[in-house]
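Pasted below: model-v2.cif, mmCIF, C-alpha atoms.
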```
data_input
loop_
_atom_site.label_atom_id
_atom_site.label_comp_id
_atom_site.auth_asym_id
_atom_site.auth_seq_id
_atom_site.Cartn_x
_atom_site.Cartn_y
_atom_site.Cartn_z
CA MET A 26 -7.26 -5.59 -18.35
CA PRO A 27 -4.86 -3.19 -20.15
CA PHE A 28 -1.23 -4.20 -19.75
CA ALA A 29 -0.42 -0.74 -18.39
CA ILE A 30 -2.38 -1.57 -15.21
CA TYR A 31 -0.11 -4.55 -14.53
CA ILE A 32 2.90 -2.25 -14.97
CA LEU A 33 1.41 0.10 -12.39
CA GLY A 34 1.06 -2.96 -10.16
CA LEU A 35 4.79 -3.69 -10.64
CA ALA A 36 5.64 -0.18 -9.45
CA VAL A 37 3.33 -0.61 -6.44
CA PHE A 38 5.13 -3.91 -5.71
CA ALA A 39 8.46 -2.07 -5.51
CA GLN A 40 6.95 0.66 -3.35
CA GLY A 41 5.26 -1.85 -1.04
CA THR A 42 8.56 -3.67 -0.67
CA SER A 43 10.21 -0.41 0.33
CA GLU A 44 7.51 0.34 2.90
CA PHE A 45 7.77 -3.01 4.71
CA MET A 46 11.34 -4.21 4.10
CA LEU A 47 12.93 -2.25 6.95
CA SER A 48 11.61 -4.78 9.45
CA GLY A 49 14.45 -7.07 8.38
CA LEU A 50 17.08 -4.33 7.98
CA ILE A 51 16.72 -2.13 11.08
CA SER A 52 19.50 -3.80 13.11
CA ASP A 53 22.05 -3.50 10.30
CA ILE A 54 21.12 0.12 9.60
CA ALA A 55 21.42 1.04 13.29
CA ARG A 56 24.81 -0.65 13.59
CA GLU A 57 26.32 0.88 10.44
CA LEU A 58 24.99 4.42 10.97
CA ASN A 59 25.74 4.39 14.71
CA VAL A 60 22.22 4.99 16.00
CA SER A 61 20.05 3.06 18.42
CA ILE A 62 17.53 0.46 17.33
CA SER A 63 14.70 2.72 18.47
CA ALA A 64 16.10 5.61 16.43
CA ALA A 65 16.38 3.38 13.37
CA GLY A 66 12.76 2.38 13.96
CA THR A 67 11.72 5.98 13.27
CA LEU A 68 12.51 5.28 9.61
CA THR A 69 9.35 3.17 9.49
CA SER A 70 7.31 5.81 11.32
CA ALA A 71 8.61 8.51 8.96
CA PHE A 72 7.49 6.51 5.93
CA ALA A 73 4.03 5.94 7.42
CA ALA A 74 3.67 9.65 8.25
CA GLY A 75 4.74 10.59 4.73
CA MET A 76 2.17 8.22 3.24
CA LEU A 77 -0.61 9.54 5.47
CA VAL A 78 0.05 13.21 4.73
CA GLY A 79 1.25 12.70 1.18
CA ALA A 80 -1.77 10.91 -0.29
CA PRO A 81 -4.24 13.84 -0.23
CA LEU A 82 -1.51 16.50 -0.48
CA MET A 83 0.15 15.06 -3.59
CA ALA A 84 -3.23 14.38 -5.19
CA VAL A 85 -4.28 18.02 -4.79
CA ILE A 86 -0.93 19.39 -5.99
CA SER A 87 -0.96 17.17 -9.10
CA LEU A 88 -4.67 17.54 -9.83
CA ARG A 89 -4.20 19.38 -13.13
CA TRP A 90 -1.05 17.61 -14.28
CA PRO A 91 -1.20 15.10 -17.15
CA ARG A 92 -1.39 11.60 -15.69
CA GLN A 93 1.55 10.12 -17.56
CA ARG A 94 3.90 12.91 -16.53
CA THR A 95 2.56 12.85 -12.97
CA LEU A 96 3.21 9.13 -12.62
CA LEU A 97 6.67 9.54 -14.15
CA ALA A 98 7.49 12.40 -11.78
CA PHE A 99 6.46 10.45 -8.67
CA LEU A 100 8.15 7.26 -9.86
CA SER A 101 11.39 9.05 -10.79
CA ALA A 102 11.47 10.81 -7.42
CA PHE A 103 10.93 7.46 -5.70
CA ILE A 104 13.87 5.92 -7.57
CA VAL A 105 16.19 8.86 -6.92
CA VAL A 106 15.56 9.06 -3.16
CA HIS A 107 16.18 5.32 -2.80
CA ALA A 108 19.46 5.68 -4.68
CA VAL A 109 20.42 8.52 -2.31
CA GLY A 110 19.40 6.38 0.66
CA ALA A 111 21.59 3.55 -0.64
CA ILE A 112 24.74 5.68 -0.69
CA THR A 113 24.32 8.06 2.25
CA THR A 114 26.34 7.69 5.43
CA SER A 115 24.10 10.08 7.35
CA PHE A 116 21.12 8.83 9.32
CA SER A 117 19.44 12.24 9.01
CA VAL A 118 19.69 12.11 5.22
CA LEU A 119 18.31 8.56 5.21
CA LEU A 120 15.39 9.72 7.37
CA VAL A 121 14.62 12.53 4.91
CA THR A 122 14.74 10.10 1.97
CA ARG A 123 12.16 7.90 3.73
CA VAL A 124 9.76 10.84 4.06
CA LEU A 125 10.31 11.93 0.46
CA GLY A 126 9.98 8.34 -0.78
CA ALA A 127 6.68 8.01 1.08
CA LEU A 128 5.37 11.25 -0.45
CA ALA A 129 6.26 9.95 -3.91
CA ASN A 130 4.72 6.55 -3.10
CA ALA A 131 1.50 8.15 -1.84
CA GLY A 132 1.19 10.39 -4.86
CA PHE A 133 1.88 7.55 -7.27
CA LEU A 134 -0.67 5.25 -5.62
CA ALA A 135 -3.39 7.92 -5.52
CA VAL A 136 -2.90 8.91 -9.16
CA GLY A 137 -2.30 5.28 -10.15
CA LEU A 138 -5.66 4.23 -8.74
CA ALA A 139 -7.40 7.00 -10.67
CA THR A 140 -5.46 6.15 -13.84
CA ALA A 141 -6.12 2.41 -13.62
CA THR A 142 -9.86 2.84 -13.07
CA SER A 143 -10.08 5.34 -15.94
CA MET A 144 -8.55 2.81 -18.34
CA VAL A 145 -11.28 0.20 -17.79
CA GLY A 146 -15.04 0.11 -18.12
CA PRO A 147 -17.28 1.78 -15.52
CA ASN A 148 -18.05 -1.62 -13.96
CA ALA A 149 -14.46 -2.88 -13.66
CA LYS A 150 -12.98 -0.55 -11.05
CA GLY A 151 -12.71 -3.34 -8.50
CA ARG A 152 -10.63 -5.54 -10.79
CA ALA A 153 -8.31 -2.66 -11.68
CA THR A 154 -7.93 -1.77 -8.00
CA SER A 155 -7.17 -5.37 -7.06
CA ILE A 156 -4.27 -5.50 -9.53
CA LEU A 157 -2.62 -2.47 -7.94
CA LEU A 158 -3.23 -3.75 -4.41
CA GLY A 159 -1.96 -7.14 -5.54
CA GLY A 160 1.43 -5.45 -5.87
CA ILE A 161 1.36 -4.68 -2.14
CA THR A 162 0.42 -8.23 -1.19
CA LEU A 163 3.12 -9.68 -3.43
CA ALA A 164 5.57 -7.35 -1.71
CA CYS A 165 4.64 -9.03 1.59
CA VAL A 166 5.00 -12.52 0.07
CA ALA A 167 8.16 -12.06 -2.00
CA GLY A 168 9.57 -8.54 -1.83
CA VAL A 169 10.08 -8.23 1.93
CA PRO A 170 11.69 -11.68 2.39
CA ALA A 171 13.89 -11.04 -0.66
CA GLY A 172 14.92 -7.68 0.80
CA ALA A 173 15.85 -9.39 4.07
CA VAL A 174 17.95 -11.99 2.21
CA LEU A 175 19.70 -9.27 0.20
CA GLY A 176 20.38 -7.32 3.38
CA GLN A 177 21.83 -10.35 5.14
CA THR A 178 23.98 -11.31 2.13
CA PHE A 179 25.14 -8.01 0.66
CA GLY A 180 24.24 -5.42 3.28
CA TRP A 181 21.14 -3.29 3.79
CA ARG A 182 22.08 -0.87 1.02
CA SER A 183 21.59 -3.59 -1.59
CA ALA A 184 17.89 -3.74 -0.72
CA PHE A 185 17.53 -0.02 -1.48
CA TRP A 186 19.32 -0.48 -4.82
CA ALA A 187 17.05 -3.42 -5.64
CA VAL A 188 13.91 -1.31 -5.06
CA SER A 189 15.26 1.34 -7.45
CA LEU A 190 16.13 -1.25 -10.10
CA ILE A 191 12.72 -2.94 -9.91
CA SER A 192 11.06 0.43 -10.46
CA LEU A 193 13.01 1.23 -13.64
CA PRO A 194 10.97 -0.99 -16.04
CA ALA A 195 7.82 0.76 -14.84
CA VAL A 196 9.27 4.13 -15.91
CA PHE A 197 9.68 3.01 -19.53
CA ALA A 198 6.34 1.19 -19.54
CA VAL A 199 4.45 4.21 -18.19
CA LEU A 200 6.14 6.34 -20.84
CA ARG A 201 4.94 4.02 -23.60
CA LEU A 202 1.60 2.71 -22.34
CA VAL A 203 -0.11 5.30 -20.14
CA PRO A 204 -2.00 8.04 -22.04
CA ASP A 205 -0.67 11.54 -21.40
CA THR A 206 -4.07 12.99 -20.57
CA VAL A 207 -4.95 15.65 -18.03
CA GLN A 208 -6.40 14.15 -14.87
CA GLU A 209 -9.45 16.38 -14.70
CA THR A 210 -10.99 18.38 -17.50
CA GLY A 211 -10.95 22.15 -17.41
CA ASP A 212 -8.58 25.06 -17.77
CA ARG A 213 -5.59 25.62 -15.55
CA ASP A 214 -7.22 28.68 -14.08
CA GLU A 215 -9.96 26.46 -12.74
CA ALA A 216 -7.60 24.17 -10.82
CA ARG A 217 -8.52 25.53 -7.42
CA PRO A 218 -12.29 25.41 -8.00
CA GLY A 219 -11.79 21.90 -9.38
CA ALA A 220 -10.08 20.87 -6.17
CA ARG A 221 -12.92 22.39 -4.13
CA ARG A 222 -15.48 20.53 -6.23
CA GLN A 223 -13.67 17.26 -5.63
CA LEU A 224 -13.48 17.95 -1.90
CA ARG A 225 -17.23 18.67 -1.85
CA ALA A 226 -17.82 15.36 -3.59
CA LEU A 227 -15.99 13.64 -0.72
CA ARG A 228 -18.51 14.86 1.87
CA SER A 229 -20.91 12.04 1.07
CA PRO A 230 -22.02 10.20 4.25
CA ARG A 231 -21.73 6.89 2.41
CA LEU A 232 -18.14 7.69 1.49
CA ARG A 233 -17.26 8.60 5.07
CA VAL A 234 -18.62 5.29 6.31
CA VAL A 235 -16.65 3.34 3.69
CA LEU A 236 -13.45 5.23 4.55
CA LEU A 237 -13.98 4.55 8.25
CA LEU A 238 -14.51 0.85 7.59
CA THR A 239 -11.40 0.78 5.40
CA ALA A 240 -9.32 2.25 8.23
CA LEU A 241 -10.80 -0.16 10.80
CA VAL A 242 -10.21 -3.26 8.66
CA ASN A 243 -6.62 -2.22 7.97
CA ALA A 244 -6.06 -1.42 11.64
CA GLY A 245 -7.03 -4.96 12.58
CA THR A 246 -4.89 -6.38 9.80
CA PHE A 247 -1.73 -4.49 10.71
CA CYS A 248 -2.27 -4.91 14.44
CA THR A 249 -1.94 -8.66 13.90
CA PHE A 250 0.63 -8.57 11.08
CA THR A 251 2.98 -6.32 13.09
CA TYR A 252 3.00 -8.63 16.10
CA LEU A 253 2.59 -11.92 14.26
CA ALA A 254 6.13 -13.10 15.02
CA PRO A 255 5.90 -12.81 18.84
CA LEU A 256 2.34 -14.16 18.74
CA ILE A 257 3.23 -17.40 16.98
CA THR A 258 6.48 -17.94 18.89
CA ASN A 259 5.41 -16.92 22.41
CA VAL A 260 1.79 -18.09 22.31
CA SER A 261 1.29 -20.62 19.52
CA GLY A 262 4.48 -22.55 20.21
CA PHE A 263 6.21 -22.21 16.83
CA SER A 264 9.98 -21.90 16.76
CA GLU A 265 11.58 -18.81 15.25
CA VAL A 266 12.47 -20.66 12.06
CA TRP A 267 8.74 -20.72 11.28
CA VAL A 268 8.40 -16.92 11.32
CA PRO A 269 9.29 -16.30 7.61
CA ALA A 270 6.98 -19.14 6.55
CA MET A 271 4.08 -17.78 8.60
CA LEU A 272 4.62 -14.27 7.25
CA ALA A 273 4.63 -15.68 3.73
CA LEU A 274 1.48 -17.67 4.54
CA PHE A 275 -0.26 -14.47 5.62
CA GLY A 276 0.97 -12.83 2.41
CA LEU A 277 -0.37 -15.69 0.29
CA GLY A 278 -3.72 -15.32 2.01
CA SER A 279 -3.72 -11.58 1.35
CA PHE A 280 -2.99 -12.19 -2.34
CA ALA A 281 -5.86 -14.66 -2.50
CA GLY A 282 -8.10 -12.09 -0.80
CA VAL A 283 -7.22 -9.34 -3.27
CA THR A 284 -7.93 -11.76 -6.13
CA ILE A 285 -11.33 -12.66 -4.68
CA GLY A 286 -12.13 -9.01 -4.05
CA GLY A 287 -11.19 -8.12 -7.62
CA ARG A 288 -13.56 -10.72 -9.03
CA LEU A 289 -16.56 -9.83 -6.87
CA SER A 290 -16.24 -6.17 -5.83
CA ASP A 291 -17.59 -4.82 -9.13
CA THR A 292 -20.68 -6.98 -9.42
CA ARG A 293 -21.47 -8.43 -5.96
CA PRO A 294 -19.65 -6.31 -3.35
CA MET A 295 -22.15 -7.03 -0.58
CA ARG A 296 -21.41 -10.75 -0.89
CA VAL A 297 -17.86 -9.92 0.13
CA LEU A 298 -18.47 -7.13 2.63
CA ILE A 299 -21.29 -8.56 4.77
CA PRO A 300 -20.37 -12.25 5.19
CA GLY A 301 -16.68 -11.45 4.78
CA GLY A 302 -16.79 -8.72 7.41
CA ILE A 303 -18.65 -10.93 9.88
CA ALA A 304 -16.24 -13.82 9.24
CA LEU A 305 -13.25 -11.47 9.63
CA LEU A 306 -14.45 -10.25 13.02
CA ALA A 307 -15.23 -13.81 14.14
CA GLY A 308 -11.79 -14.94 12.97
CA TRP A 309 -9.98 -12.32 15.07
CA ALA A 310 -12.05 -13.35 18.10
CA LEU A 311 -11.30 -17.03 17.42
CA LEU A 312 -7.58 -16.32 17.06
CA THR A 313 -7.64 -14.49 20.40
CA ALA A 314 -9.26 -17.47 22.10
CA THR A 315 -7.30 -20.27 20.39
CA ALA A 316 -3.87 -18.77 19.61
CA GLY A 317 -2.31 -21.36 21.91
CA SER A 318 -3.14 -24.07 19.37
CA SER A 319 -0.49 -24.21 16.67
CA VAL A 320 -2.83 -25.94 14.19
CA VAL A 321 -5.62 -23.38 14.60
CA ALA A 322 -3.16 -20.48 14.48
CA PHE A 323 -1.62 -21.86 11.28
CA LEU A 324 -5.00 -22.05 9.58
CA LEU A 325 -6.22 -18.69 10.82
CA VAL A 326 -3.10 -16.85 9.64
CA PHE A 327 -4.00 -17.78 6.07
CA VAL A 328 -7.76 -17.36 6.48
CA GLN A 329 -7.50 -13.94 8.15
CA GLY A 330 -5.03 -12.74 5.54
CA THR A 331 -7.51 -13.74 2.87
CA LEU A 332 -10.53 -12.15 4.56
CA SER A 333 -8.68 -8.95 5.49
CA PHE A 334 -7.61 -8.18 1.96
CA ALA A 335 -10.80 -9.42 0.29
CA VAL A 336 -12.86 -7.05 2.45
CA GLY A 337 -10.24 -4.28 2.35
CA SER A 338 -9.80 -4.26 -1.43
CA THR A 339 -13.58 -4.32 -1.92
CA LEU A 340 -13.94 -1.31 0.38
CA ILE A 341 -11.33 0.62 -1.61
CA ALA A 342 -13.22 -0.14 -4.83
CA GLN A 343 -16.38 1.13 -3.14
CA VAL A 344 -14.57 4.38 -2.27
CA LEU A 345 -13.93 4.91 -5.97
CA TYR A 346 -17.51 4.02 -6.87
CA ALA A 347 -18.83 6.37 -4.17
CA ALA A 348 -16.77 9.31 -5.44
CA PRO A 349 -17.09 9.29 -9.23
CA GLN A 350 -16.66 13.09 -9.37
CA ALA A 351 -13.41 12.91 -7.38
CA PRO A 352 -11.35 10.06 -8.85
CA SER A 353 -7.96 11.48 -7.85
CA LEU A 354 -8.88 12.70 -4.38
CA GLY A 355 -11.04 9.63 -3.82
CA GLY A 356 -8.02 7.42 -4.44
CA SER A 357 -5.89 9.61 -2.19
CA PHE A 358 -8.39 9.44 0.68
CA ALA A 359 -8.56 5.65 0.27
CA THR A 360 -4.76 5.56 0.51
CA ALA A 361 -4.87 7.80 3.58
CA ALA A 362 -7.51 5.57 5.23
CA LEU A 363 -5.30 2.53 4.68
CA ASN A 364 -2.38 4.27 6.34
CA VAL A 365 -4.46 5.56 9.24
CA GLY A 366 -5.31 1.92 9.94
CA ALA A 367 -1.69 0.85 9.45
CA ALA A 368 -0.57 3.43 12.01
CA VAL A 369 -3.38 3.13 14.57
CA GLY A 370 -3.65 -0.68 14.60
CA PRO A 371 -0.08 -1.47 15.70
CA ALA A 372 -0.17 1.42 18.21
CA ILE A 373 -3.31 0.02 19.88
CA GLY A 374 -1.92 -3.51 19.74
CA GLY A 375 1.33 -2.39 21.34
CA ALA A 376 -0.49 -0.48 24.08
CA THR A 377 -2.60 -3.50 25.03
#
```
Translate this structure into structure tokens?
Amino acid sequence: MPFAIYILGLAVFAQGTSEFMLSGLISDIARELNVSISAAGTLTSAFAAGMLVGAPLMAVISLRWPRQRTLLAFLSAFIVVHAVGAITTSFSVLLVTRVLGALANAGFLAVGLATATSMVGPNAKGRATSILLGGITLACVAGVPAGAVLGQTFGWRSAFWAVSLISLPAVFAVLRLVPDTVQETGDRDEARPGARRQLRALRSPRLRVVLLLTALVNAGTFCTFTYLAPLITNVSGFSEVWVPAMLALFGLGSFAGVTIGGRLSDTRPMRVLIPGGIALLAGWALLTATAGSSVVAFLLVFVQGTLSFAVGSTLIAQVLYAAPQAPSLGGSFATAALNVGAAVGPAIGGAT
């Protein structure tokens, strides 16, 4: 794998940390900025909405921009808005920075997926995809807990500064290692027809099914991940001191799943999707029936994290394989499908 892909993964790690770290910072933000907890919670919703809308929107806007400059623009914007968020005393400004940061994150991830898969052979898209998604899983394992520790020790603003600082090495690495090539061939005057051609390529029934499955798998994943703390404390009998360890265990499982998906999704995807999908569904049903057992819950947290991300990362690779004529918009629709699941899953879980 080209080293540049790992650098893109580092940037995705910082962005994934930003997306999830507010769960440990909401109370401090609400107290310092004089807003309610529920109002502070809209910062998370704003980021999710920005990701959902931003993935296809930013991909279309940047369709004819050179990839290196596009990645640098999104990454620089991401760093700047987090610096602004770290110094603002206005909740409204902080809310706007979350939306803008999500737009930059969505654009970077969509273009990053297309860039990473273009830098490898035609049969290695799954491995390249798994490296970028590995950044998200590592954010769950290390970035989010580290952000919570920083927030508790130095205040919530330090976590925002840390995200900006982690992103800086990626700026210089992208500048040196990512080719400054135009995303899609053709003249500038053909940008709009090019976008229409890519959108037509996304009408494939196979692609629609894969996108739907991607959203469903991520909905199940985030439905459980969002409410994992009350589940293990109120049902499984763990004390609250176990919550960080169980979250990290789920993150370790997700990293293992992405690794497995990366190794198999290029050559034997059905060996992951069919038995993995069946096992994933059976695991959620088993967790529902046996969550009262601390031993079973402990094991299933790791197993379900592994299965969720093995199946999910393989599905994303299949999106890119199913849309070879729309690499940028294919990556953006995969990103959007992930965020549809991340939004719908917790909402359904909360309603039930």
Checklist entry - Excluding same-chain residues fewer than 4 positions from region 297-300 of chain A, what lies within 9 Å of it counting all atoms listed in the file, as a PyMOL selection string? => result chain A and resi 285-286+289-290+293+304-305+332+335-337+339-340
Item to check | Near-Gly317 (chain A) list (10 Å; all atoms listed in the file; drop same-chain fewer than 3 positions) as a ChimeraX atom specification | outcome: /A:256-263,312-314,320-322
Keeping only C-alpha atoms, write the selected residues as a CSV table (one decimal), in the coordinates of the input.
```
chain,number,residue,atom,x,y,z
A,256,LEU,CA,2.3,-14.2,18.7
A,257,ILE,CA,3.2,-17.4,17.0
A,258,THR,CA,6.5,-17.9,18.9
A,259,ASN,CA,5.4,-16.9,22.4
A,260,VAL,CA,1.8,-18.1,22.3
A,261,SER,CA,1.3,-20.6,19.5
A,262,GLY,CA,4.5,-22.6,20.2
A,263,PHE,CA,6.2,-22.2,16.8
A,312,LEU,CA,-7.6,-16.3,17.1
A,313,THR,CA,-7.6,-14.5,20.4
A,314,ALA,CA,-9.3,-17.5,22.1
A,320,VAL,CA,-2.8,-25.9,14.2
A,321,VAL,CA,-5.6,-23.4,14.6
A,322,ALA,CA,-3.2,-20.5,14.5
```
Next on the checklist: Using only C-alpha atoms, can you tell me which of A:Ala64, A:Val196, A:Leu232, A:Val174 comes closest to Ile341 (chain A)?
Outcome noted: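 Comparing A:Ala64, A:Val196, A:Leu232, A:Val174 against Ile341 (chain A), the winner is A:Leu232.
Distances here use all atoms listed in the file; by that measure, the residue among A:Gly330, A:Pro371, A:Pro147, A:Gly172 closest to Met271 (chain A) is A:Gly330.
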Checklist entry - Which residues, written as a PyMOL selection string, have at least one atom at most 12 Å from Trp181 (chain A), with all atoms listed in the file counted and residues fewer than 3 positions away on the same chain left out? => result chain A and resi 43+46-58+107+110-113+171-178+184-188
Those residues you just picked out, can you put them in a file as a compact mmCIF listing (two decimals), in the coordinates of the input with C-alpha atoms?
```
# COMPACT_ATOMS: atom_id res chain seq x y z
CA SER A 43 10.21 -0.41 0.33
CA MET A 46 11.34 -4.21 4.10
CA LEU A 47 12.93 -2.25 6.95
CA SER A 48 11.61 -4.78 9.45
CA GLY A 49 14.45 -7.07 8.38
CA LEU A 50 17.08 -4.33 7.98
CA ILE A 51 16.72 -2.13 11.08
CA SER A 52 19.50 -3.80 13.11
CA ASP A 53 22.05 -3.50 10.30
CA ILE A 54 21.12 0.12 9.60
CA ALA A 55 21.42 1.04 13.29
CA ARG A 56 24.81 -0.65 13.59
CA GLU A 57 26.32 0.88 10.44
CA LEU A 58 24.99 4.42 10.97
CA HIS A 107 16.18 5.32 -2.80
CA GLY A 110 19.40 6.38 0.66
CA ALA A 111 21.59 3.55 -0.64
CA ILE A 112 24.74 5.68 -0.69
CA THR A 113 24.32 8.06 2.25
CA ALA A 171 13.89 -11.04 -0.66
CA GLY A 172 14.92 -7.68 0.80
CA ALA A 173 15.85 -9.39 4.07
CA VAL A 174 17.95 -11.99 2.21
CA LEU A 175 19.70 -9.27 0.20
CA GLY A 176 20.38 -7.32 3.38
CA GLN A 177 21.83 -10.35 5.14
CA THR A 178 23.98 -11.31 2.13
CA ALA A 184 17.89 -3.74 -0.72
CA PHE A 185 17.53 -0.02 -1.48
CA TRP A 186 19.32 -0.48 -4.82
CA ALA A 187 17.05 -3.42 -5.64
CA VAL A 188 13.91 -1.31 -5.06
```
Item to check | Computed interatomic separation between CA of Phe275 (chain A) and CA of Ala65 (chain A) (Å) | outcome: 25.6 Å
Next on the checklist: Here's the selection I'm unsure about, the PyMOL selection byres ((chain A and resi 163) around 12); applied to the file above, which residues does it give, as an MDAnalysis selection string?
Outcome noted: chainID A and resid 34:42 45 155:162 164:171 272:284
Item to check | Pairwise distance for CA of Leu68 (chain A) and CA of Ala254 (chain A), rounded to one decimal in Å | outcome: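 Rounded to one decimal, the two atoms are 20.2 Å apart.
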Checklist outcome for this item: Across A:Ser63, A:Ser101, A:Ser318, A:Ser338, the smallest distance to Gly132 (chain A), with only C-alpha atoms counted, is shown by A:Ser101
Checklist entry - At what distance in Å, to one decimal, does CA of Phe103 (chain A) lie from CA of Leu125 (chain A)? => result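 Computing the Euclidean distance for CA of Leu125 (chain A) and CA of Phe103 (chain A) yields 7.6 Å.
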Checklist entry - Near Ala310 (chain A), counting all atoms listed in the file, which residues have an atom at most 12 Å away, once you skip same-chain residues fewer than 6 positions from it, shown as an MDAnalysis selection string? => result chainID A and resid 245 249 303:304 316 322 325 329
Item to check | Which residue of A:Leu200, A:Ile62, A:Ala149, A:Ala131 approaches Met83 (chain A) most closely, using only C-alpha atoms | outcome: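 Using only C-alpha atoms, the shortest distance to Met83 (chain A) belongs to A:Ala131.
The nearest approach to Arg288 (chain A) among the residues A:Gly356, A:Arg152, A:Thr331, A:Ala376, with only C-alpha atoms taken into account, belongs to A:Arg152.
For the choices A:Leu120, A:Ala135, A:Leu97, A:Ala362, the atom-to-atom distance to Val234 (chain A) is smallest for A:Ala362 when using all atoms listed in the file.
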Next on the checklist: Need the shell around Leu363 (chain A): protein/DNA/RNA residues with any atom at most 9 Å away, counting only C-alpha atoms. Skip same-chain ones fewer than 2 positions apart. Format as JSON, numbers by chain?
Outcome noted: {"A": [77, 236, 239, 240, 241, 242, 243, 244, 337, 341, 358, 359, 360, 361, 365, 366, 367, 368]}
Final N, CA and C atoms of region 32-49 of chain A as an mmCIF file, in the coordinates of the input:
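The new file part33.cif reads:
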```
data_model
loop_
_atom_site.group_PDB
_atom_site.id
_atom_site.type_symbol
_atom_site.label_atom_id
_atom_site.label_comp_id
_atom_site.auth_asym_id
_atom_site.auth_seq_id
_atom_site.Cartn_x
_atom_site.Cartn_y
_atom_site.Cartn_z
ATOM 1 N N ILE A 32 1.658 -2.973 -15.166
ATOM 2 C CA ILE A 32 2.900 -2.250 -14.970
ATOM 3 C C ILE A 32 2.788 -1.334 -13.744
ATOM 4 N N LEU A 33 1.633 -0.700 -13.594
ATOM 5 C CA LEU A 33 1.410 0.100 -12.390
ATOM 6 C C LEU A 33 1.486 -0.793 -11.149
ATOM 7 N N GLY A 34 0.968 -2.010 -11.261
ATOM 8 C CA GLY A 34 1.060 -2.960 -10.160
ATOM 9 C C GLY A 34 2.503 -3.325 -9.830
ATOM 10 N N LEU A 35 3.368 -3.420 -10.860
ATOM 11 C CA LEU A 35 4.790 -3.690 -10.640
ATOM 12 C C LEU A 35 5.431 -2.559 -9.840
ATOM 13 N N ALA A 36 5.103 -1.319 -10.193
ATOM 14 C CA ALA A 36 5.640 -0.180 -9.450
ATOM 15 C C ALA A 36 5.147 -0.204 -8.007
ATOM 16 N N VAL A 37 3.870 -0.534 -7.802
ATOM 17 C CA VAL A 37 3.330 -0.610 -6.440
ATOM 18 C C VAL A 37 4.011 -1.734 -5.664
ATOM 19 N N PHE A 38 4.374 -2.828 -6.348
ATOM 20 C CA PHE A 38 5.130 -3.910 -5.710
ATOM 21 C C PHE A 38 6.448 -3.392 -5.159
ATOM 22 N N ALA A 39 7.181 -2.621 -5.961
ATOM 23 C CA ALA A 39 8.460 -2.070 -5.510
ATOM 24 C C ALA A 39 8.248 -1.122 -4.337
ATOM 25 N N GLN A 40 7.205 -0.305 -4.416
ATOM 26 C CA GLN A 40 6.950 0.660 -3.350
ATOM 27 C C GLN A 40 6.487 -0.035 -2.070
ATOM 28 N N GLY A 41 5.674 -1.090 -2.211
ATOM 29 C CA GLY A 41 5.260 -1.850 -1.040
ATOM 30 C C GLY A 41 6.433 -2.558 -0.389
ATOM 31 N N THR A 42 7.359 -3.048 -1.210
ATOM 32 C CA THR A 42 8.560 -3.670 -0.670
ATOM 33 C C THR A 42 9.355 -2.666 0.154
ATOM 34 N N SER A 43 9.482 -1.453 -0.379
ATOM 35 C CA SER A 43 10.210 -0.410 0.330
ATOM 36 C C SER A 43 9.552 -0.087 1.673
ATOM 37 N N GLU A 44 8.219 -0.035 1.680
ATOM 38 C CA GLU A 44 7.510 0.340 2.900
ATOM 39 C C GLU A 44 7.728 -0.668 4.026
ATOM 40 N N PHE A 45 7.746 -1.975 3.678
ATOM 41 C CA PHE A 45 7.770 -3.010 4.710
ATOM 42 C C PHE A 45 9.128 -3.647 4.938
ATOM 43 N N MET A 46 10.105 -3.424 4.033
ATOM 44 C CA MET A 46 11.340 -4.210 4.100
ATOM 45 C C MET A 46 12.232 -3.844 5.278
ATOM 46 N N LEU A 47 12.032 -2.661 5.875
ATOM 47 C CA LEU A 47 12.930 -2.250 6.950
ATOM 48 C C LEU A 47 12.833 -3.144 8.177
ATOM 49 N N SER A 48 11.735 -3.896 8.289
ATOM 50 C CA SER A 48 11.610 -4.780 9.450
ATOM 51 C C SER A 48 12.756 -5.775 9.526
ATOM 52 N N GLY A 49 13.324 -6.141 8.382
ATOM 53 C CA GLY A 49 14.450 -7.070 8.380
ATOM 54 C C GLY A 49 15.802 -6.400 8.261
#
```
